[in-house]
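Beneath this line is the structure, given in structure tokens, with notes to follow.
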Amino acid sequence: MNAPPRDHHVNFAYLDERTKRMIRRAILKAVCIPGYQVAFGSREMPLPYGWGTGGIQVTASLLGPDDVLKVIDQGSDDTVNAVNIRRFFQRTAGVEVTTETPCADVIQTRHRIPETPLREGQIIVYQVPVPEPMQRLEPREAETRKLHGLAEYGLMHVKLYEDIARFGHIATTYDYPVLVNGRYVMAPSPIPKFDNPKMHMNPALQVFGAGREKRIYAVPPYTPVESLAFDDHPFTVQKWDSPCALCGATDSFLDEVITDDHGTRMFVCSDSDYCRTRQQAAQACGEEKLRARA
Amino acid sequence: MPGRDVDTPLLRVRGLRRLYGRRVAIEEVSFDLWPGEVLAVVGESGSGKTTLLHALAGHHMPDAGSVWFDTRDQGHVEIYSMPEGHRRALARTDLGFVHQNAADGLRMNVSAGANVVERLMALGQRNYGDLRVQAAEWLARVEIDPCRIDDTPLTFSGGMRQRLQIARNLITLPRLMFLDEPTSGLDVSVQARLLDLLRQLTRQLGLAAVLVTHDLAVARLLAHRMIVMQQGRVVEAGLTDQVLDDPEHAYSQLLVSSVLPP
């Protein structure tokens, strides 16, 4: 990866300082009220809505010159959205970037939480298309705000009930609604429900930014996050029959990859950094054994 | 009503007024409703019947006057002085509201079963199996085939939608129902069945009801007492048979005489 040079015609991390301050205030408020959607003055960004404008604004206001940034899209560091956003911050902030989860201070993500457990001091920034978990069933925003305010969340279970009635099990597999700190129901952004348990009591700060909808919300470190369910249909995560074809991991979220025109397929880790680290470790281990034998 | 003082009214309404801009929608409406009693509100279109119903149900704050409801735990409470959360909680447990247009009272893109048990889920019931059983039971009680439990109300006929609305409201065993022209838009045989069902359910459950209608036959069939409204005011009140057979006010006389005999 050859880093593009820092463009000194724009302010550090693109946004002007007053905007960043406004966004930081929104983030602070969001941290104080876990799961509550804080309205903020979302700015026009040099990329279209739906490409992570909310996440980028949050990242821009959180980044310091010494921070190390990691950007992932569907778990991978090399997909187009991740590459673009990483280059954006290299050009506008000149920050160091990494693909290694443990080395990063700020991780901006679309649709995944890294497999490597996060640590204290890290911040994970989610890109959120639809911040309102009840929007499908209650399109009036004045009403959903009221429902949040009064903690009337019967509606969320209507959605889960429908799933079971139609498919025999809770068929929601991503953006699976969660209850944060026993108070606010929150949309965790379109991460697979496989990642939901990772949000629970996570040592890292989790911040969610929705650019088009102009909302920021957060889960502070070590906050309980409970996935909604029925007593007789408890929350479960996806399982796969085979381990990752590349690194042999059995504990990670796998993507199905079609490899030819005859329907041959393989399952590989969606978290590319996790997969690569495991492969390298296995290789190093093998080489060491060879050396010991020689 | 076991263990309840039958001498206290369930609903006490005093001096209700609501304005739309400078236009008076309802003015000086006062009455008491007793447990298990069905009160019909009749009058022509635009006489303030529906406005009155929404004011009673806690949907729209009146400009003056008070609505006292005999709550289970605190006795008489003025519903508009309650915190909004409490008022909404009361509305989804002890009150029911059947809309004239079923689409306003139902979630049209959600299955009938989910519509029926939504209130229970809002109250914190989290066992799918139990909810399912109750949904089927209530569908049967309102004469909807329980095998339609997973169909959306979009596939239901007008009469079925109205019955589904009733089931959805009755599942928490409320003590007071508000019915806003529940039979309008239904053909007569379906109307008759719905009325029969309503009469049966109000008897069985000891339910009080405020029934808004412009159909005097419906009022005669269901209501114990009735009030006649004209231009936002109550012009006559009394026992149903008394008002219908011997109307005193000129407008009531007009109303009664306007009914076409079949």
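In the structure tokens, each chain is lettered A, B, ... as it comes, each chain's residues begin at 1, and ligands are numbered from 1 in order of appearance.
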(request) Just list the residues in region 50-144 of chain A DSSP gives helix (DSSP H, G or I) on the backbone, as a PyMOL selection string. (result) chain A and resi 53-62+80-93+101-103+141-144
(request) Go through region 87-231 of chain B and collect every residue that DSSP, computed from the backbone, puts in strand (DSSP E); the answer should be as a PyMOL selection string. (result) chain B and resi 95-98+176-180+208-212+225-230
Within 6 Å of chain A, which residues of chain B come that close, and what is the closest atom pair and distance in Å for each? Count only C-alpha atoms and give it as JSON lines.
```
{"residue": "B:Gly85", "atom": "CA", "partner": "A:Leu150", "partner_atom": "CA", "distance": 5.8}
{"residue": "B:Ala114", "atom": "CA", "partner": "A:Val158", "partner_atom": "CA", "distance": 5.9}
{"residue": "B:Met121", "atom": "CA", "partner": "A:Gly154", "partner_atom": "CA", "distance": 5.1}
{"residue": "B:Ala122", "atom": "CA", "partner": "A:Gly154", "partner_atom": "CA", "distance": 3.6}
{"residue": "B:Arg126", "atom": "CA", "partner": "A:Phe230", "partner_atom": "CA", "distance": 4.9}
{"residue": "B:Asn127", "atom": "CA", "partner": "A:Asp231", "partner_atom": "CA", "distance": 5.1}
```
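Comparing the minimum interatomic distances between Phe167 (chain A) and each of B:Ala40, B:Ser189, B:Ser66, B:Asp150, counting only C-alpha atoms, we find that B:Asp150 sits nearest.
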(message) Need to verify the contact set: Phe31 (chain B), 8 Å, only C-alpha atoms, exclusion of same-chain residues closer than 6 positions in sequence. Can you return it as a list in words?
(response) Arg12, Val13 and Arg14 of chain B
Based on the selection just made, write N, CA and C atoms of those residues as a CSV table (one decimal), in the first residue's frame.
```csv
chain,number,residue,atom,x,y,z
B,12,ARG,N,-66.4,9.6,33.9
B,12,ARG,CA,-67.2,10.8,34.3
B,12,ARG,C,-66.7,12.0,33.4
B,13,VAL,N,-67.6,12.5,32.6
B,13,VAL,CA,-67.2,13.5,31.7
B,13,VAL,C,-67.9,14.8,32.1
B,14,ARG,N,-67.1,15.9,32.2
B,14,ARG,CA,-67.6,17.2,32.6
B,14,ARG,C,-67.2,18.3,31.7
```
Non-local contacts of Pro5 (chain A) (10 Å; only C-alpha atoms; under 4 positions in same chain excluded) as a JSON list (two decimals) with C-alpha atoms, in the first residue's frame:
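Result written to selection01.json:
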```json
[["chain", "number", "residue", "atom", "x", "y", "z"],
["A", 87, "ARG", "CA", -7.35, 6.78, 1.08],
["A", 90, "GLN", "CA", -4.65, 9.35, 4.28],
["A", 91, "ARG", "CA", -5.07, 12.33, 1.99],
["A", 92, "THR", "CA", -7.00, 14.60, 4.30],
["A", 93, "ALA", "CA", -5.46, 13.68, 7.67],
["A", 94, "GLY", "CA", -2.19, 11.97, 6.80]]
```
(message) For Ser257 (chain B), find every residue with an atom within 12 Å (counting only C-alpha atoms), except residues of its own chain fewer than 3 positions away, and show them as a PyMOL selection string.
(response) chain B and resi 216+244-247+250-254+260-261
(message) I'd like the contact shell of His224 (chain B) - 12 Å cut-off, only C-alpha atoms, skipping same-chain residues fewer than 3 positions apart - returned as a VMD selection string.
(response) chain B and resid 33 to 41 199 202 to 203 208 to 211 218 to 221 227 237 to 244
Restricting the output to C-alpha atoms, write the selected residues as a PDB file, in the first residue's frame.
```pdb
ATOM      1  CA  LEU B  33     -70.892   6.062  32.083  1.00  0.00           C
ATOM      2  CA  TRP B  34     -71.413   3.157  34.433  1.00  0.00           C
ATOM      3  CA  PRO B  35     -69.578  -0.165  34.448  1.00  0.00           C
ATOM      4  CA  GLY B  36     -71.045  -2.559  31.909  1.00  0.00           C
ATOM      5  CA  GLU B  37     -73.160   0.108  30.265  1.00  0.00           C
ATOM      6  CA  VAL B  38     -73.336   0.774  26.535  1.00  0.00           C
ATOM      7  CA  LEU B  39     -73.884   4.393  25.588  1.00  0.00           C
ATOM      8  CA  ALA B  40     -74.718   5.350  22.028  1.00  0.00           C
ATOM      9  CA  VAL B  41     -73.791   8.746  20.653  1.00  0.00           C
ATOM     10  CA  ARG B 199     -73.635  -7.636  22.052  1.00  0.00           C
ATOM     11  CA  THR B 202     -70.070  -6.835  25.962  1.00  0.00           C
ATOM     12  CA  ARG B 203     -72.412  -9.047  27.992  1.00  0.00           C
ATOM     13  CA  ALA B 208     -68.789  -0.744  29.035  1.00  0.00           C
ATOM     14  CA  ALA B 209     -68.822   0.928  25.653  1.00  0.00           C
ATOM     15  CA  VAL B 210     -69.283   4.279  24.009  1.00  0.00           C
ATOM     16  CA  LEU B 211     -70.683   3.646  20.576  1.00  0.00           C
ATOM     17  CA  VAL B 218     -77.569  -0.146  15.751  1.00  0.00           C
ATOM     18  CA  ALA B 219     -78.079   2.074  18.761  1.00  0.00           C
ATOM     19  CA  ARG B 220     -81.405   0.417  19.548  1.00  0.00           C
ATOM     20  CA  LEU B 221     -79.839  -3.017  19.396  1.00  0.00           C
ATOM     21  CA  ILE B 227     -77.186  10.893  23.744  1.00  0.00           C
ATOM     22  CA  ALA B 237     -80.048  12.181  26.609  1.00  0.00           C
ATOM     23  CA  GLY B 238     -81.905   9.242  28.035  1.00  0.00           C
ATOM     24  CA  LEU B 239     -82.691   5.561  27.818  1.00  0.00           C
ATOM     25  CA  THR B 240     -82.433   4.285  24.267  1.00  0.00           C
ATOM     26  CA  ASP B 241     -86.007   3.148  23.927  1.00  0.00           C
ATOM     27  CA  GLN B 242     -87.280   6.316  25.551  1.00  0.00           C
ATOM     28  CA  VAL B 243     -85.356   8.568  23.186  1.00  0.00           C
ATOM     29  CA  LEU B 244     -86.216   6.567  20.110  1.00  0.00           C
TER      30      LEU B 244
END
```
(message) Give me, as a VMD selection string, all polymer residues having an atom no more than 8 Å from Ser189 (chain A), counting only C-alpha atoms and skipping those fewer than 6 positions away in the same chain.
(response) chain A and resid 111 126 to 131 174 to 175 208
(request) Go through A:Leu205, A:Leu69, A:Ala187, A:Val10 and flag the residue nearest Thr99 (chain A), using only C-alpha atoms for the distances. (result) A:Leu69
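CA of Cys244 (chain A) is found 5.8 Å from CA of Cys269 (chain A).
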